[in-house]
Amino acid sequence: MFFNLTWRNAKRSRSENLIYFLTMITAVAMFYIVLSLGQQDVIRFLSEIESDAVERLLTNLLPTVYLCALLFVFFLVVFANKYQLECRSRELGLYLMFGMTKIKLFIQIMTEGLITSFLALLGGLVCGGFLSEAISLTTARLVGHGIITHQLSFSVSAAIFTSLGFLIIQFVALFVLCGKLFRKELHQLVYGEMAKKQRTGNPYVSFVSFAIGTVILLVAYWIVVEHFMAASGAMLLIAVLLGIIGTILFIRGLARILSIWAASIKHKATRGLYVFTLRQLHENVVNKYISISVASILMMLTIMLITDGSVRIMSYGSELTRGTSVYDFTVMGNDQIVEKYLSNEQIRPYVSNLNRMEIGNIKSTASDGISSPVDWSKFRKQIVQHLPQDVVDPATQEDGMYSFGSDQPAALNLLGLIDTGSSSPYLLPVSSYNRLLDAAGEKQISLGNNEVVYYLNPDFLGNAQDETVTLLNQIAADAQANNEALLSINERPFYLVPSVPMKGLTADENIKIITALIVSDEIYSEFVNSDTCMVYWNFCIPNELVETKGLMLPIMEARDLLKPSGLYYESYLNNFGRQLFYVISGSYTTLYMGFMFLIIACALLALQFLTQMQTTKSRYLTLSILGARREQIKRSINQQVLWYFLLPLILACISGAVGIYAMQLYLYSGAAHLEQSYPLLIAMAVIVVLVMVIYGVAVARTANREIGKLNYKPNS
Amino acid sequence: MNDTKKLLEVRDLHKAYSKEGVPTKALNGITFDVLNGEYLGIMGASGSGKTTLLNCIATVIKPTSGQILLSGANISSFDGTKLAEYRGNKIGYLFQDFALLDNLTGKENIILPLSIHNIDIVTAEKKLKDIADFLGITDVLSKFPSQMSGGQKQRVAAARSLISDPDIILADEPTGALDTKSARLLMEKLQEINLRRGRTILMVTHDPNAASFCSRILFIQDGVIFHELRRKIPNETQEDFYARILQVMAQMGGGSANVL
């Protein structure tokens, strides 16, 4: 009997309260996704090459995110259960009136909760597993560059922890709510709350709130855009606080605007349920402005976090392409040992285009040992001529600050490179560089003893590289045409050679040689300071091997062979892995938080709307008796739901846009980043809108069904 | 008032509720007419079926059998748009608990029936002014129901039931939630609406005081008409009529408690 009743009640709760069940399923799916992160293709791949960092991510960051999610979902579950119990307050009151003990009623509610939880767990784990696979596959495709393979996986431990976490919060939530419920008078339960006095909000307070809210929001926007990092982040904190206060005051003041709107638009005043719809919204805003503001702030965070996550994945993901890097391995150590080791039987099949690259600083010939033997002045003069008219040469300024990026003129980048690295530049023998060009499939160059190539590391300037190299080539070509030597080393003139392809010197990106002078081997040995010489042994995996086995496997095999040598080595994959790790750990967390906030905001709005609906449903009965048609009422409800979601969303979009603008201005290096991410951003926007639409439709459907169930009860 | 044309005809009306297979007869074959311009009261003990009768006429519930004809049209056969049209334009409904929407102002509440039928604002405001002046509620038009007294609320509700110029006003215990003074004021206004404006009113009540304002009273018991009282106009005073009502109620065994 007891079980039958609880089973039937649980079933009814599910079908009557779709939102509640949907929210539970989402909560479970959210837990599973974060807990099964270790099983994702990208993370599995990373843990093989960057095991320490991945370990740190899985043991430090993830539990924090999990706890955070647990806390948020706890509030969501409390909210959903509160609504559910409020709907059933009369029924529960009747059980008590018929003599059911509180403890038995508590057990019944708990059992019902348990049944619903188990079904939600089942649905949530299926959804979570599916979503997790989809995320895994998508990221593997987006950033994996064919190196990462997809593997189906289901994390049992994640499922267990998900179930545990979810059941615990469900239990605690019901415990807290039942305690509250049982403290109420029986009369309150059976006959509902005393009718609350209609709060319309003091018009003057509302208006002042609206005005102050708008001003505070504008100030917050101004601070974010103009003084993002000022006072070491303190200004940002102030902007966030002002943003929160401004949002709450603004939304609260909106009630006044809606009220004025309802009263002032005369020609529409008698158009169907127009005024009624506006008044319903007005009332909702007056009563629930805190929740609506919180939802608005969460939506804004969603917009910013999802944008940030997408931008990270897309822009850094594209930087992960091989681009300019030629070599798969760089080995360092004693020349003889390395040479011997690399030519042994086992490893030889993995080595092609072996290049011993020696790089050293130029030696100073001046007596003070400080002043540069290279005279850059003519070269600089040429570059300064290419500066736009409104830009001054930084060297003429007192502070002499340099920055690099695609948002400033190429000439400025070039000046910065020369001025910061000119005192004792790196020298690179042309024979080494020719071997590199050969490995990259480029034409080799020959340099005379009075010729020099100004080398720019293509990874340093990023987006600005193309423009800067073009300018460099132009200046060099002009000088060549005029037979002008732009550089001199120890008073000897050197001619710049244009149009030499710039390639990454090693497989190890940690070796940051930003600029160098490529000179003939003879000049190299004459000018290099032998104390500063570094030797890098670079090689590629042979093409035949890549064609048959792919890139990943041979690199791993070669790495295993190199491991016992004790030599310092770095592979392209390590670099790739390290960068990928930054991308993934950053973007995963932001995207996850973004979607979590979205779901919470939607569920919050949905449940608030339905609670309000529950308390005011007799109004729809009156409307119906006054002659309102079913479709009119339905349309009014749909419009209420639409605007109830749109009001916070519109403000969130404005604040989010300002936030994204500021992030682009201060956090990303160039506009190209955002543009590159458009396809993913559009896809994300579609998903966000879809989630909101699903919630909106579910709310409207539940509300309409509630109205449909209304039976006329005279004078009750 | 002297127009004796039948406005409402109720013919052999039955209504049976069936709860879990146990049938209960609320109306058991009621037949009566309401003439144009009449002020008809329906009295009876709790559970006698008077509110069920009113709700059948208001189309809020469907009768099991029988006919209700308004100006010759069978309202039981109405559906969808025609039903909404009937509810909005042909009848005005006055509830015991006022049933004002507490998030709309007085004015918005009153013109709601017109809004539902998309009547233009100029016509609506003209009518509103006229009715608000008549009922003395001009100063509460911009207030919300929570800022009004019970009497003001019921007069706003009365204004709402009048605004669409209905053929008949159905009042369900309109004085039930009012104090004596407000109740008297409301009944006087209803009488004025009936006498001066020629509106037909059908009022359910168990308050003999309120009933004494009617021109005719039907007493219902166990779902059938048990007795009928007619006020002898113009000779009979309201007090005399009141005394006769009390007499019938005594015969029926008390007005408010079903002691039979």
# chains A, B, ... in the order shown; residues from 1 in each chain; ligands from 1
$ interface_residues --of "chain B" --to "chain A" --cutoff "9 Å" --atoms "only C-alpha atoms" --output "PyMOL selection string"
chain B and resi 51-52+55+58-61+80-81+83-89+91-93+95-97+99-104+108+111-122+124+144-147+161+172
$ atom_distance --atom1 "atom CA of A:Leu665" --atom2 "atom CA of A:Pro388"
22.0 Å
$ closest_residue --among "A:Val34, A:Val688, A:Ile160, A:Ile445" --to "A:Ile599" --atoms "only C-alpha atoms"
A:Val688
$ residues_around --residues "stretch 35-50 of chain B" --least-positions-apart "2" --cutoff "7 Å" --atoms "only C-alpha atoms" --output "number ranges by chain"
B: 1, 3-8, 26-27, 33, 52-54, 194, 198-206, 211, 214-223, 255-258
$ closest_residue --among "A:Phe106, A:Phe379, A:Tyr524, A:Phe597" --to "A:Leu76" --atoms "only C-alpha atoms"
A:Phe597
$ closest_residue --among "B:Glu188, B:Glu125, B:Asp207, B:Glu239" --to "B:Thr175" --atoms "only C-alpha atoms"
B:Asp207
$ residues_around --residues "A:Leu604" --least-positions-apart "6" --cutoff "8 Å" --atoms "only C-alpha atoms" --output "JSON, numbers by chain"
{"A": [76, 79, 291, 295]}
$ atom_distance --atom1 "atom CA of A:Ile297" --atom2 "atom CA of A:Tyr666"
21.5 Å
$ select_by_dssp --residues "stretch 361-459 of chain A" --states "strand (DSSP E or B)" --output "number ranges by chain"
A: 361-362, 374-375, 426-429, 451-456
$ write_last_selection --atoms "N, CA and C atoms" --output "short mmCIF file (atom, residue, chain, number, x, y, z; two decimals), in the first residue's frame"
data_model
loop_
_atom_site.label_atom_id
_atom_site.label_comp_id
_atom_site.auth_asym_id
_atom_site.auth_seq_id
_atom_site.Cartn_x
_atom_site.Cartn_y
_atom_site.Cartn_z
N ASN A 361 76.24 33.81 -29.40
CA ASN A 361 76.16 35.27 -29.45
C ASN A 361 77.40 35.83 -30.12
N ILE A 362 77.23 37.02 -30.64
CA ILE A 362 78.36 37.68 -31.30
C ILE A 362 79.33 38.14 -30.21
N VAL A 374 77.72 45.51 -33.52
CA VAL A 374 76.87 45.70 -34.69
C VAL A 374 76.33 47.11 -34.71
N ASP A 375 76.42 47.77 -35.88
CA ASP A 375 75.85 49.10 -36.01
C ASP A 375 74.52 48.98 -36.74
N TYR A 426 72.28 36.93 -31.65
CA TYR A 426 72.68 35.56 -31.96
C TYR A 426 73.22 35.49 -33.38
N LEU A 427 74.20 34.62 -33.57
CA LEU A 427 74.69 34.36 -34.93
C LEU A 427 74.37 32.92 -35.28
N LEU A 428 74.02 32.70 -36.54
CA LEU A 428 73.64 31.36 -36.98
C LEU A 428 74.32 31.08 -38.31
N PRO A 429 75.10 29.99 -38.41
CA PRO A 429 75.79 29.71 -39.68
C PRO A 429 74.79 29.31 -40.76
N GLU A 451 77.27 39.37 -46.63
CA GLU A 451 75.80 39.32 -46.63
C GLU A 451 75.27 38.74 -45.32
N VAL A 452 74.06 39.16 -44.97
CA VAL A 452 73.46 38.71 -43.72
C VAL A 452 71.93 38.62 -43.88
N VAL A 453 71.35 37.63 -43.19
CA VAL A 453 69.88 37.54 -43.17
C VAL A 453 69.42 37.85 -41.75
N TYR A 454 68.45 38.75 -41.65
CA TYR A 454 67.90 39.06 -40.31
C TYR A 454 66.77 38.07 -40.04
N TYR A 455 67.02 37.14 -39.09
CA TYR A 455 66.06 36.06 -38.81
C TYR A 455 65.07 36.48 -37.72
N LEU A 456 63.78 36.24 -37.99
CA LEU A 456 62.74 36.51 -36.99
C LEU A 456 62.06 35.20 -36.63
#
$ select_by_dssp --residues "stretch 115-155 of chain B" --states "helix (DSSP H, G or I)" --output "MDAnalysis selection string"
chainID B and resid 115:116 121:135 138:140 145:147 150:155
$ write_last_selection --atoms "C-alpha atoms" --output "short mmCIF file (atom, residue, chain, number, x, y, z; two decimals), in the first residue's frame"
data_model
loop_
_atom_site.label_atom_id
_atom_site.label_comp_id
_atom_site.auth_asym_id
_atom_site.auth_seq_id
_atom_site.Cartn_x
_atom_site.Cartn_y
_atom_site.Cartn_z
CA SER B 115 -10.24 44.30 -23.75
CA ILE B 116 -10.84 40.60 -24.15
CA ILE B 121 -10.33 52.42 -26.00
CA VAL B 122 -12.47 55.51 -26.75
CA THR B 123 -15.73 53.56 -26.40
CA ALA B 124 -14.34 51.77 -23.36
CA GLU B 125 -13.38 54.98 -21.57
CA LYS B 126 -16.75 56.62 -22.26
CA LYS B 127 -18.56 53.65 -20.76
CA LEU B 128 -16.14 53.48 -17.87
CA LYS B 129 -16.71 57.11 -16.92
CA ASP B 130 -20.46 56.69 -16.97
CA ILE B 131 -20.46 53.54 -14.83
CA ALA B 132 -17.78 54.74 -12.43
CA ASP B 133 -19.71 57.98 -11.78
CA PHE B 134 -22.87 56.00 -11.18
CA LEU B 135 -21.24 53.58 -8.72
CA THR B 138 -14.06 57.31 -9.76
CA ASP B 139 -11.42 57.88 -7.08
CA VAL B 140 -10.34 54.24 -6.88
CA PRO B 145 -7.62 46.03 -5.28
CA SER B 146 -5.37 45.70 -2.24
CA GLN B 147 -5.70 49.45 -1.74
CA GLY B 150 -14.46 45.54 0.47
CA GLY B 151 -17.38 47.70 -0.64
CA GLN B 152 -15.25 49.50 -3.22
CA LYS B 153 -13.98 46.18 -4.51
CA GLN B 154 -17.50 44.83 -4.97
CA ARG B 155 -18.62 48.03 -6.71
#
$ atom_distance --atom1 "atom CA of A:Leu217" --atom2 "atom CA of A:Gly243"
5.5 Å
